[in-house]
>>> print(open('input_22.cif').read())   # mmCIF, C-alpha atoms
data_model
#
loop_
_atom_site.label_atom_id
_atom_site.label_comp_id
_atom_site.auth_asym_id
_atom_site.auth_seq_id
_atom_site.Cartn_x
_atom_site.Cartn_y
_atom_site.Cartn_z
CA MET A 802 16.06 -60.43 58.85
CA TYR A 803 15.39 -63.32 56.47
CA ASN A 804 15.45 -65.88 59.29
CA GLU A 805 13.15 -63.78 61.46
CA LEU A 806 10.65 -63.46 58.60
CA VAL A 807 10.72 -67.18 57.82
CA ASN A 808 10.30 -68.08 61.49
CA LYS A 809 7.43 -65.56 61.71
CA GLU A 810 9.28 -63.60 64.37
CA ALA A 811 9.09 -60.53 62.09
CA LYS A 812 6.42 -59.18 59.77
CA LEU A 813 6.63 -57.90 56.21
CA ALA A 814 4.47 -54.90 55.33
CA VAL A 815 3.48 -53.83 51.83
CA ILE A 816 2.65 -50.13 51.44
CA GLY A 817 0.26 -49.58 48.53
CA LEU A 818 -2.08 -52.38 47.46
CA GLY A 819 -2.67 -51.64 43.80
CA TYR A 820 -1.98 -53.88 40.82
CA VAL A 821 1.64 -54.24 41.99
CA GLY A 822 1.42 -54.26 45.78
CA LEU A 823 -1.47 -56.64 46.34
CA PRO A 824 -0.06 -59.60 44.34
CA ILE A 825 3.25 -59.20 46.19
CA ALA A 826 1.53 -59.09 49.55
CA ILE A 827 -0.56 -62.16 48.78
CA GLU A 828 2.43 -64.20 47.57
CA PHE A 829 4.48 -63.38 50.65
CA ALA A 830 1.48 -64.09 52.89
CA LYS A 831 1.56 -67.69 51.71
CA LYS A 832 4.96 -68.05 53.42
CA ILE A 833 5.32 -65.39 56.14
CA LYS A 834 3.31 -62.88 58.21
CA VAL A 835 2.23 -59.86 56.14
CA VAL A 836 0.51 -56.55 56.76
CA GLY A 837 -1.09 -55.01 53.68
CA PHE A 838 -1.47 -51.24 54.03
CA ASP A 839 -3.37 -48.85 51.76
CA ILE A 840 -4.57 -45.31 52.43
CA LYS A 841 -7.95 -45.99 50.79
CA GLN A 842 -10.29 -47.61 53.31
CA ASP A 843 -12.82 -48.64 50.65
CA ARG A 844 -10.15 -50.69 48.87
CA VAL A 845 -9.05 -52.26 52.16
CA ASP A 846 -12.66 -53.23 52.91
CA LEU A 847 -12.90 -55.02 49.56
CA MET A 848 -9.65 -56.91 50.13
CA LYS A 849 -10.89 -58.06 53.52
CA LYS A 850 -13.68 -59.74 51.57
CA ASN A 851 -11.16 -61.43 49.22
CA ILE A 852 -11.92 -58.98 46.42
CA ASP A 853 -9.12 -57.43 44.37
CA PRO A 854 -10.18 -53.88 43.38
CA SER A 855 -7.81 -54.10 40.39
CA ASN A 856 -9.38 -57.36 39.20
CA GLU A 857 -6.01 -59.05 38.83
CA LEU A 858 -6.47 -61.70 41.54
CA GLU A 859 -9.35 -64.12 42.04
CA ALA A 860 -11.02 -64.70 45.41
CA HIS A 861 -9.46 -68.14 45.95
CA GLU A 862 -5.96 -66.63 45.80
CA PHE A 863 -6.59 -64.85 49.12
CA GLU A 864 -7.36 -68.11 50.90
CA GLY A 865 -4.84 -69.66 53.29
CA THR A 866 -2.75 -66.48 53.55
CA ASP A 867 -1.37 -64.91 56.73
CA ILE A 868 -2.23 -61.30 55.98
CA VAL A 869 -3.90 -58.37 57.71
CA PHE A 870 -5.35 -55.62 55.49
CA THR A 871 -5.44 -52.18 57.04
CA ALA A 872 -5.54 -48.43 56.51
CA ASN A 873 -4.46 -47.82 60.11
CA LEU A 874 -0.87 -46.69 60.64
CA ASP A 875 -0.75 -48.34 64.08
CA ASP A 876 -1.00 -51.76 62.43
CA LEU A 877 2.38 -51.18 60.78
CA LYS A 878 4.33 -50.60 63.98
CA ASP A 879 5.30 -54.22 64.60
CA SER A 880 6.60 -54.80 61.05
CA GLN A 881 10.31 -54.96 60.28
CA PHE A 882 10.51 -55.33 56.48
CA TYR A 883 8.68 -52.71 54.40
CA ILE A 884 7.97 -52.88 50.67
CA VAL A 885 6.79 -49.64 49.06
CA ALA A 886 4.69 -50.22 45.93
CA VAL A 887 2.91 -46.96 45.19
CA PRO A 888 2.41 -45.21 41.81
CA THR A 889 4.97 -42.80 40.38
CA PRO A 890 3.01 -40.66 37.90
CA ILE A 891 3.88 -37.55 35.92
CA ASP A 892 2.27 -34.13 36.28
CA GLU A 893 0.55 -32.00 33.65
CA HIS A 894 3.97 -30.87 32.39
CA ASN A 895 5.22 -34.46 31.96
CA LEU A 896 7.57 -34.06 34.92
CA PRO A 897 8.03 -36.77 37.58
CA ASP A 898 5.55 -36.57 40.45
CA LEU A 899 7.18 -38.27 43.42
CA THR A 900 4.39 -37.24 45.80
CA PRO A 901 3.01 -40.78 46.34
CA VAL A 902 6.43 -42.31 47.02
CA ILE A 903 7.44 -39.41 49.31
CA LYS A 904 4.17 -39.73 51.24
CA ALA A 905 4.73 -43.49 51.51
CA SER A 906 8.25 -42.82 52.81
CA GLU A 907 6.79 -40.51 55.45
CA THR A 908 4.37 -43.26 56.46
CA VAL A 909 7.16 -45.80 56.81
CA GLY A 910 9.33 -43.23 58.60
CA LYS A 911 6.71 -42.89 61.34
CA VAL A 912 7.01 -46.57 62.24
CA LEU A 913 10.65 -47.27 61.27
CA LYS A 914 12.84 -48.84 63.95
CA LYS A 915 16.51 -49.75 64.27
CA GLY A 916 17.34 -52.83 62.22
CA ASP A 917 14.38 -52.47 59.85
CA TYR A 918 14.51 -52.87 56.05
CA VAL A 919 12.77 -50.71 53.44
CA VAL A 920 12.57 -51.86 49.82
CA TYR A 921 11.12 -49.68 47.07
CA GLU A 922 9.37 -51.20 44.06
CA SER A 923 7.98 -47.99 42.56
CA THR A 924 9.57 -47.10 39.22
CA VAL A 925 11.80 -44.04 39.58
CA TYR A 926 14.79 -42.42 37.90
CA PRO A 927 18.28 -43.59 38.95
CA GLY A 928 19.16 -41.97 42.26
CA ALA A 929 15.63 -41.35 43.56
CA THR A 930 15.79 -43.97 46.32
CA GLU A 931 19.00 -42.58 47.81
CA GLU A 932 18.52 -38.89 46.99
CA ASP A 933 14.77 -38.41 47.52
CA CYS A 934 13.43 -41.25 49.68
CA ILE A 935 16.12 -42.06 52.25
CA PRO A 936 16.35 -38.43 53.49
CA VAL A 937 12.60 -38.55 54.19
CA LEU A 938 12.95 -41.82 56.10
CA GLU A 939 15.76 -40.27 58.17
CA GLU A 940 13.94 -37.01 58.87
CA VAL A 941 10.64 -38.57 59.93
CA SER A 942 12.09 -41.49 61.89
CA GLY A 943 14.98 -39.65 63.52
CA LEU A 944 17.20 -42.60 62.58
CA LYS A 945 20.46 -42.50 60.62
CA PHE A 946 21.10 -44.40 57.40
CA PRO A 947 22.82 -46.83 56.96
CA GLN A 948 23.71 -47.40 60.62
CA ASP A 949 20.13 -47.78 61.85
CA PHE A 950 18.21 -49.23 58.89
CA LYS A 951 18.79 -50.85 55.51
CA VAL A 952 17.33 -49.89 52.13
CA GLY A 953 16.95 -51.69 48.82
CA PHE A 954 15.28 -51.34 45.45
CA SER A 955 13.53 -54.15 43.58
CA PRO A 956 11.60 -52.90 40.57
CA GLU A 957 8.15 -54.31 39.85
CA ARG A 958 7.79 -56.25 36.61
CA ILE A 959 4.11 -57.17 36.74
CA ASN A 960 2.28 -57.05 33.42
CA PRO A 961 -1.41 -56.24 34.08
CA GLY A 962 -3.82 -58.63 32.41
CA ASP A 963 -1.07 -61.19 31.67
CA ARG A 964 -1.99 -64.60 33.07
CA VAL A 965 1.23 -66.23 31.84
CA HIS A 966 4.03 -63.88 32.95
CA THR A 967 2.82 -63.57 36.53
CA LEU A 968 4.75 -62.25 39.54
CA THR A 969 6.38 -65.52 40.57
CA LYS A 970 7.41 -66.45 37.03
CA ILE A 971 9.37 -63.27 36.22
CA THR A 972 13.00 -62.95 37.31
CA LYS A 973 13.21 -60.33 40.07
CA VAL A 974 15.94 -57.72 40.06
CA VAL A 975 17.01 -56.90 43.63
CA SER A 976 19.50 -54.50 45.16
CA GLY A 977 20.62 -53.29 48.57
CA ASN A 978 22.68 -50.49 50.04
CA ASP A 979 25.44 -52.95 51.02
CA ALA A 980 26.37 -56.61 50.63
CA GLU A 981 24.50 -57.71 53.74
CA SER A 982 21.24 -55.99 52.81
CA LEU A 983 21.48 -57.27 49.23
CA GLU A 984 21.71 -60.85 50.43
CA GLU A 985 18.91 -60.52 52.99
CA ILE A 986 16.61 -58.84 50.46
CA ALA A 987 17.47 -61.38 47.74
CA LYS A 988 16.76 -64.36 50.03
CA THR A 989 13.47 -62.79 51.10
CA TYR A 990 12.27 -62.41 47.51
CA GLU A 991 13.49 -65.92 46.69
CA LEU A 992 10.78 -67.15 49.05
CA VAL A 993 8.16 -66.31 46.43
CA ILE A 994 9.88 -65.78 43.07
CA GLU A 995 10.07 -69.15 41.30
CA ALA A 996 12.05 -67.69 38.39
CA GLY A 997 14.81 -66.57 40.74
CA VAL A 998 16.38 -63.21 41.45
CA HIS A 999 19.13 -61.15 39.85
CA ARG A 1000 21.38 -59.37 42.32
CA ALA A 1001 22.14 -55.93 40.89
CA SER A 1002 25.42 -54.29 41.77
CA SER A 1003 23.79 -51.19 43.25
CA ILE A 1004 20.47 -49.51 43.91
CA LYS A 1005 21.03 -47.09 41.00
CA VAL A 1006 21.69 -49.99 38.62
CA ALA A 1007 18.40 -51.64 39.64
CA GLU A 1008 16.54 -48.34 39.20
CA ALA A 1009 18.10 -47.81 35.77
CA ALA A 1010 17.40 -51.38 34.65
CA LYS A 1011 13.70 -50.97 35.27
CA ILE A 1012 13.35 -47.60 33.63
CA ILE A 1013 15.08 -48.66 30.41
CA GLU A 1014 12.82 -51.72 30.08
CA ASN A 1015 9.85 -49.45 29.45
CA THR A 1016 11.87 -46.80 27.61
CA GLN A 1017 13.06 -49.43 25.14
CA ARG A 1018 9.48 -50.53 24.46
CA ASP A 1019 8.33 -46.93 24.14
CA VAL A 1020 10.99 -46.06 21.56
CA ASN A 1021 10.31 -49.20 19.52
CA ILE A 1022 6.56 -48.61 19.49
CA ALA A 1023 7.20 -44.99 18.51
CA LEU A 1024 9.14 -46.22 15.49
CA MET A 1025 6.18 -48.41 14.50
CA ASN A 1026 3.81 -45.47 14.94
CA GLU A 1027 5.99 -43.25 12.80
CA LEU A 1028 6.19 -45.96 10.14
CA SER A 1029 2.39 -46.29 10.21
CA ILE A 1030 2.08 -42.56 9.46
CA ILE A 1031 4.54 -42.87 6.57
CA PHE A 1032 2.92 -46.01 5.15
CA GLY A 1033 -0.51 -44.45 5.57
CA ARG A 1034 0.52 -41.67 3.19
CA MET A 1035 1.81 -44.27 0.78
CA GLY A 1036 -1.40 -46.29 0.88
CA ILE A 1037 0.33 -49.32 2.38
CA ASN A 1038 -1.13 -51.33 5.27
CA THR A 1039 1.38 -51.26 8.14
CA TYR A 1040 0.34 -54.66 9.48
CA ASP A 1041 0.94 -56.23 6.06
CA VAL A 1042 4.43 -54.71 6.10
CA LEU A 1043 5.15 -55.97 9.62
CA GLU A 1044 3.88 -59.43 8.75
CA ALA A 1045 6.26 -59.60 5.81
CA ALA A 1046 9.23 -58.13 7.70
CA GLY A 1047 8.54 -60.43 10.65
CA THR A 1048 9.52 -63.49 8.61
CA LYS A 1049 13.19 -62.57 9.28
CA TRP A 1050 14.45 -64.26 12.45
CA ASN A 1051 15.90 -61.13 14.07
CA PHE A 1052 13.14 -58.64 13.25
CA LEU A 1053 11.73 -57.17 16.47
CA LYS A 1054 7.95 -57.65 16.57
CA PHE A 1055 6.56 -54.38 17.82
CA PHE A 1056 3.29 -52.87 16.60
CA PRO A 1057 1.79 -49.39 16.31
CA GLY A 1058 -0.86 -48.21 18.75
CA LEU A 1059 -1.84 -45.88 21.57
CA VAL A 1060 0.76 -45.90 24.33
CA GLY A 1061 -0.81 -45.05 27.67
CA GLY A 1062 -0.92 -46.54 31.13
CA HIS A 1063 1.32 -45.91 34.11
CA CYS A 1064 4.50 -47.58 32.81
CA ILE A 1065 5.49 -47.21 29.15
CA GLY A 1066 3.69 -43.88 28.78
CA VAL A 1067 5.31 -42.46 31.93
CA ASP A 1068 8.70 -43.97 32.75
CA PRO A 1069 10.66 -42.47 29.82
CA TYR A 1070 9.80 -39.02 31.14
CA TYR A 1071 11.52 -39.93 34.43
CA LEU A 1072 14.72 -40.92 32.63
CA SER A 1073 14.59 -37.87 30.37
CA TYR A 1074 14.13 -35.59 33.39
CA LYS A 1075 17.14 -37.03 35.16
CA ALA A 1076 19.28 -36.95 32.01
CA LYS A 1077 18.65 -33.20 31.67
CA GLU A 1078 19.84 -32.71 35.25
CA PHE A 1079 23.18 -34.05 34.02
CA GLY A 1080 23.21 -31.68 31.04
CA TYR A 1081 22.12 -34.15 28.37
CA HIS A 1082 18.93 -33.68 26.35
CA PRO A 1083 17.91 -37.14 25.06
CA GLN A 1084 16.83 -36.96 21.43
CA ILE A 1085 15.53 -40.47 20.81
CA ILE A 1086 13.69 -40.82 24.12
CA ASP A 1087 11.99 -37.42 23.84
CA GLY A 1088 11.29 -37.98 20.15
CA GLY A 1089 9.64 -41.31 20.89
CA ARG A 1090 7.50 -39.74 23.60
CA PHE A 1091 6.41 -36.97 21.21
CA VAL A 1092 5.37 -39.47 18.53
CA ASN A 1093 3.47 -41.70 20.94
CA ASP A 1094 1.75 -38.83 22.72
CA SER A 1095 0.58 -37.53 19.32
CA MET A 1096 -1.09 -40.73 18.16
CA GLY A 1097 -4.48 -40.13 19.75
CA GLY A 1098 -4.86 -36.87 17.86
CA TYR A 1099 -3.59 -38.52 14.68
CA VAL A 1100 -6.20 -41.30 14.86
CA ALA A 1101 -8.97 -38.76 15.44
CA LYS A 1102 -7.87 -36.59 12.50
CA GLN A 1103 -7.74 -39.59 10.18
CA THR A 1104 -11.24 -40.59 11.30
CA VAL A 1105 -12.50 -37.07 10.56
CA LYS A 1106 -10.94 -37.20 7.09
CA GLN A 1107 -12.62 -40.54 6.38
CA ILE A 1108 -16.03 -39.17 7.42
CA ILE A 1109 -15.62 -36.02 5.33
CA ALA A 1110 -14.61 -38.16 2.34
CA LYS A 1111 -18.10 -39.69 2.55
CA ASP A 1112 -19.58 -36.22 1.86
CA LYS A 1113 -20.86 -36.01 5.41
CA ASN A 1114 -20.99 -32.92 7.61
CA ILE A 1115 -18.41 -33.50 10.32
CA ARG A 1116 -20.21 -31.17 12.72
CA ASN A 1117 -22.47 -33.36 14.87
CA ALA A 1118 -21.31 -36.55 13.18
CA LYS A 1119 -21.63 -39.60 15.45
CA VAL A 1120 -18.64 -41.75 16.38
CA LEU A 1121 -18.57 -44.80 18.65
CA ILE A 1122 -15.33 -45.66 20.43
CA MET A 1123 -15.02 -49.26 21.59
CA GLY A 1124 -12.54 -49.62 24.43
CA PHE A 1125 -11.29 -47.04 26.91
CA THR A 1126 -8.81 -48.79 29.22
CA PHE A 1127 -5.09 -48.27 28.60
CA LYS A 1128 -4.64 -51.82 27.27
CA GLU A 1129 -6.64 -54.94 26.48
CA ASN A 1130 -8.37 -57.10 29.09
CA VAL A 1131 -7.72 -54.86 32.11
CA THR A 1132 -9.93 -52.46 34.05
CA ASP A 1133 -7.22 -49.81 34.49
CA ILE A 1134 -8.07 -46.41 32.95
CA ARG A 1135 -5.08 -44.46 34.26
CA ASN A 1136 -3.33 -42.39 31.58
CA THR A 1137 -5.36 -43.98 28.79
CA LYS A 1138 -4.63 -42.34 25.46
CA VAL A 1139 -8.12 -43.10 24.19
CA VAL A 1140 -9.12 -39.87 25.91
CA ASP A 1141 -6.87 -37.99 23.46
CA VAL A 1142 -8.89 -39.45 20.57
CA ILE A 1143 -12.11 -38.32 22.22
CA LYS A 1144 -10.90 -34.77 22.91
CA GLU A 1145 -9.65 -34.32 19.35
CA LEU A 1146 -12.92 -35.57 17.86
CA GLU A 1147 -14.92 -33.29 20.13
CA SER A 1148 -12.84 -30.32 18.96
CA TYR A 1149 -14.42 -30.94 15.53
CA MET A 1150 -17.89 -30.92 17.17
CA VAL A 1151 -18.23 -34.67 16.70
CA ASN A 1152 -20.63 -36.51 19.05
CA VAL A 1153 -18.70 -39.31 20.73
CA ASP A 1154 -20.08 -42.35 22.53
CA VAL A 1155 -17.80 -44.71 24.44
CA VAL A 1156 -18.27 -48.34 25.42
CA ASP A 1157 -15.88 -50.67 27.19
CA ALA A 1158 -16.29 -54.31 28.19
CA TRP A 1159 -13.95 -53.97 31.18
CA ALA A 1160 -13.96 -50.40 32.50
CA ASP A 1161 -16.21 -49.02 35.22
CA SER A 1162 -18.40 -46.13 34.06
CA ASP A 1163 -18.46 -44.39 37.47
CA GLU A 1164 -14.68 -44.54 37.69
CA ILE A 1165 -14.36 -43.00 34.22
CA LYS A 1166 -16.82 -40.26 35.15
CA ALA A 1167 -14.93 -39.43 38.34
CA GLU A 1168 -11.60 -39.29 36.48
CA TYR A 1169 -12.53 -37.81 33.10
CA GLY A 1170 -15.97 -36.21 33.50
CA PHE A 1171 -18.04 -38.54 31.31
CA GLY A 1172 -19.40 -42.06 31.57
CA LEU A 1173 -19.86 -45.02 29.26
CA THR A 1174 -22.77 -45.10 26.83
CA GLU A 1175 -25.60 -47.53 27.38
CA ASN A 1176 -27.51 -49.12 24.50
CA ALA A 1177 -24.96 -47.92 21.93
CA ASP A 1178 -26.16 -50.60 19.51
CA LYS A 1179 -29.42 -48.68 19.05
CA ASN A 1180 -27.65 -45.73 17.43
CA LYS A 1181 -26.44 -45.21 13.86
CA TYR A 1182 -22.81 -44.14 13.75
CA ASP A 1183 -20.84 -42.47 10.99
CA ALA A 1184 -17.69 -44.18 12.25
CA ILE A 1185 -16.68 -46.76 14.82
CA ILE A 1186 -13.20 -46.74 16.33
CA VAL A 1187 -12.09 -50.01 17.91
CA ALA A 1188 -9.45 -48.54 20.20
CA VAL A 1189 -8.68 -51.47 22.52
CA ASN A 1190 -8.52 -55.10 21.48
CA HIS A 1191 -10.45 -56.56 24.41
CA GLU A 1192 -11.20 -60.25 23.97
CA GLN A 1193 -14.91 -59.39 23.65
CA TYR A 1194 -14.17 -57.41 20.48
CA THR A 1195 -11.63 -59.56 18.66
CA ASN A 1196 -14.11 -61.94 17.02
CA LEU A 1197 -16.83 -59.48 16.03
CA LYS A 1198 -18.10 -59.88 12.47
CA GLU A 1199 -18.54 -57.18 9.85
CA ASP A 1200 -22.33 -57.51 10.13
CA TYR A 1201 -22.15 -56.38 13.75
CA PHE A 1202 -20.60 -53.07 12.70
CA LYS A 1203 -22.96 -52.69 9.74
CA ASN A 1204 -25.97 -52.98 12.03
CA ILE A 1205 -24.97 -50.02 14.19
CA MET A 1206 -23.64 -47.81 11.38
CA GLY A 1207 -25.45 -45.44 9.10
CA ASP A 1208 -24.92 -45.44 5.35
CA ASN A 1209 -21.29 -45.30 4.20
CA GLY A 1210 -19.90 -46.05 7.65
CA VAL A 1211 -16.20 -46.09 8.48
CA LEU A 1212 -14.48 -48.70 10.67
CA VAL A 1213 -11.25 -47.52 12.31
CA ASP A 1214 -9.27 -50.47 13.64
CA ILE A 1215 -6.35 -49.12 15.68
CA LYS A 1216 -4.82 -52.53 16.47
CA GLY A 1217 -5.49 -54.12 13.08
CA ILE A 1218 -7.55 -56.97 14.54
CA TYR A 1219 -10.01 -57.02 11.61
CA LYS A 1220 -7.42 -56.86 8.85
CA ASP A 1221 -8.59 -58.86 5.80
CA LYS A 1222 -12.00 -59.46 7.46
CA ILE A 1223 -13.81 -56.29 6.34
CA LYS A 1224 -15.17 -56.43 2.78
CA ASP A 1225 -17.93 -53.82 2.47
CA LEU A 1226 -17.25 -51.07 5.00
CA THR A 1227 -14.59 -48.42 4.54
CA TYR A 1228 -11.69 -49.69 6.66
CA TRP A 1229 -8.72 -47.83 8.12
CA SER A 1230 -6.05 -48.88 10.58
CA LEU A 1231 -2.66 -47.69 11.75
#
>>> encode(input="input_22.cif", output="structure tokens")
Amino acid sequence: MYNELVNKEAKLAVIGLGYVGLPIAIEFAKKIKVVGFDIKQDRVDLMKKNIDPSNELEAHEFEGTDIVFTANLDDLKDSQFYIVAVPTPIDEHNLPDLTPVIKASETVGKVLKKGDYVVYESTVYPGATEEDCIPVLEEVSGLKFPQDFKVGFSPERINPGDRVHTLTKITKVVSGNDAESLEEIAKTYELVIEAGVHRASSIKVAEAAKIIENTQRDVNIALMNELSIIFGRMGINTYDVLEAAGTKWNFLKFFPGLVGGHCIGVDPYYLSYKAKEFGYHPQIIDGGRFVNDSMGGYVAKQTVKQIIAKDKNIRNAKVLIMGFTFKENVTDIRNTKVVDVIKELESYMVNVDVVDAWADSDEIKAEYGFGLTENADKNKYDAIIVAVNHEQYTNLKEDYFKNIMGDNGVLVDIKGIYKDKIKDLTYWSL
């Protein structure tokens, strides 16, 4: 398979061209023939014009690549190596929703041929590839695994918005259903991954490695969030504490904040779900998720308390939220926990305006039912919550906030970016 791909006698197809799939497709297309497939025609049309809908890649990165973008299933039929890179979200009950990856498996199954390879990159619980995906490939294709086709798992490790730790510079974990497939898959990824690949001992090991990466971060951030609640009651600034503790060489530098997005805020639920299938109820993982999922409401309640302390009527008070995406310097609004802050404030009858230097107002309206506020600087707010530390916000001066606040305004700085810079306004942070 590797030799056929390198000699351009075979094609590699990427299923799902989001923030994970498109960079992979583009990197491979610099070396071999690639078909980029996505079910959304409007996104495909943009990519044909060298535009990344996720705003992760620049136009020049599309140039000189051997790639065909399509939403047409027929264009996949002459591919032999399939990479599935679709989302794996949770439902309203925080249970794994494998619908996208199952649908993608059905798509691949319709074009799968003897000798083909299928590699999954979507983050799943250990066992999902073999227990949930391969049966779909078999049923739809009419082929038998492993005699007729090979399967592997290579978890994505892309960090949206990070221009340093990019796809090619992060070690890639790869796995296959047997020794032959492992080697073919590893050599294929070595074509584009400068940092090299790690050959995992099994598909389940590769799945587990990915899911604990984000679970570890989630639990550590939850500890910081819990500490911020404790220190808040003590009247101690959490960031001052972390700065002091961070002078020790082995202190882990995590910080409190809202934990959203489609990775850290989701993946631990997948592991917890699978653990319960085996009769174990994870205490730390579930506890960390509870703390982190509660932080939006906590921030809103603390903001309400600060406004009331100014002898203001909380009903119809005005609050401006700066930043709506799930993290800084990205356009992605999926599973943003800023919406939890908004909902909690609105439950107190607070009027909330939202601005964001990166997000698209129409996309927010379609997903959450409201858009961004225009001309927010012409209002007078009782409080301003800087929820996301976009680069456009990090160097704002106190006078900026004073100019758009009423008397006795409150600045809520979730990420602590204005610590020691605010002298006159009432200041609160996690």
>>> atom_distance(input="input_22.cif", atom1="CA of Phe882 (chain A)", atom2="CA of Lys850 (chain A)")
25.1 Å
>>> resolve_selection(input="input_22.cif", expression="the PyMOL selection byres ((chain A and resi 1157-1168) around 9)", output="ChimeraX atom specification")
/A:1122-1126,1129-1135,1155-1156,1169-1174,1189,1191-1194
>>> write_last_selection(input="input_22.cif", atoms="C-alpha atoms", output="tab-separated table (two decimals), keeping the file's coordinate frame")
chain	number	residue	atom	x	y	z
A	1122	ILE	CA	-15.33	-45.66	20.43
A	1123	MET	CA	-15.02	-49.26	21.59
A	1124	GLY	CA	-12.54	-49.62	24.43
A	1125	PHE	CA	-11.29	-47.04	26.91
A	1126	THR	CA	-8.81	-48.79	29.22
A	1129	GLU	CA	-6.64	-54.94	26.48
A	1130	ASN	CA	-8.37	-57.10	29.09
A	1131	VAL	CA	-7.72	-54.86	32.11
A	1132	THR	CA	-9.93	-52.46	34.05
A	1133	ASP	CA	-7.22	-49.81	34.49
A	1134	ILE	CA	-8.07	-46.41	32.95
A	1135	ARG	CA	-5.08	-44.46	34.26
A	1155	VAL	CA	-17.80	-44.71	24.44
A	1156	VAL	CA	-18.27	-48.34	25.42
A	1169	TYR	CA	-12.53	-37.81	33.10
A	1170	GLY	CA	-15.97	-36.21	33.50
A	1171	PHE	CA	-18.04	-38.54	31.31
A	1172	GLY	CA	-19.40	-42.06	31.57
A	1173	LEU	CA	-19.86	-45.02	29.26
A	1174	THR	CA	-22.77	-45.10	26.83
A	1189	VAL	CA	-8.68	-51.47	22.52
A	1191	HIS	CA	-10.45	-56.56	24.41
A	1192	GLU	CA	-11.20	-60.25	23.97
A	1193	GLN	CA	-14.91	-59.39	23.65
A	1194	TYR	CA	-14.17	-57.41	20.48
>>> closest_residue(input="input_22.cif", among="A:Met848, A:Val1139, A:Val902, A:Ile825", to="Ile994 (chain A)", atoms="all atoms listed in the file")
A:Ile825
>>> resolve_selection(input="input_22.cif", expression="the PyMOL selection byres ((chain A and resi 812) around 12)", output="JSON, numbers by chain")
{"A": [802, 803, 804, 805, 806, 807, 808, 809, 810, 811, 813, 814, 815, 826, 829, 830, 832, 833, 834, 835, 836, 837, 867, 868, 869, 876, 877, 878, 879, 880, 881, 882, 883, 884, 917, 918, 989]}
>>> resolve_selection(input="input_22.cif", expression="the PyMOL selection byres ((chain A and resi 1014) around 12)", output="VMD selection string")
chain A and resid 924 956 to 958 1007 to 1013 1015 to 1021 1064 to 1065 1068 to 1069 1072
>>> residues_around(input="input_22.cif", residues="Tyr820 (chain A)", least_positions_apart="6", cutoff="8 Å", atoms="only C-alpha atoms", output="PyMOL selection string")
chain A and resi 855+857+961
>>> residues_around(input="input_22.cif", residues="Lys831 (chain A)", least_positions_apart="3", cutoff="8 Å", atoms="only C-alpha atoms", output="ChimeraX atom specification")
/A:827-828,865-867
>>> write_last_selection(input="input_22.cif", atoms="C-alpha atoms", output="compact mmCIF listing (two decimals), in the coordinates of the input")
# COMPACT_ATOMS: atom_id res chain seq x y z
CA ILE A 827 -0.56 -62.16 48.78
CA GLU A 828 2.43 -64.20 47.57
CA GLY A 865 -4.84 -69.66 53.29
CA THR A 866 -2.75 -66.48 53.55
CA ASP A 867 -1.37 -64.91 56.73
>>> closest_residue(input="input_22.cif", among="A:Ala1188, A:Arg1090, A:Ala1177, A:Tyr1149", to="Arg1116 (chain A)", atoms="all atoms listed in the file")
A:Tyr1149
>>> atom_distance(input="input_22.cif", atom1="CA of Val1213 (chain A)", atom2="CA of Lys1054 (chain A)")
22.1 Å
>>> atom_distance(input="input_22.cif", atom1="CA of Lys1216 (chain A)", atom2="CA of Asn1190 (chain A)")
6.7 Å
>>> residues_near_point(input="input_22.cif", point="(-21.6, -38.1, 21.4)", cutoff="7 Å", atoms="only C-alpha atoms", output="list in words")
Lys1119, Val1120, Val1151, Asn1152, Val1153 and Asp1154 of chain A
>>> closest_residue(input="input_22.cif", among="A:Asp853, A:Glu931, A:Glu922, A:Glu864", to="Val975 (chain A)", atoms="only C-alpha atoms")
A:Glu922
>>> closest_residue(input="input_22.cif", among="A:Asp892, A:Val998, A:Ile1115, A:Lys1179", to="Ser1148 (chain A)", atoms="only C-alpha atoms")
A:Ile1115
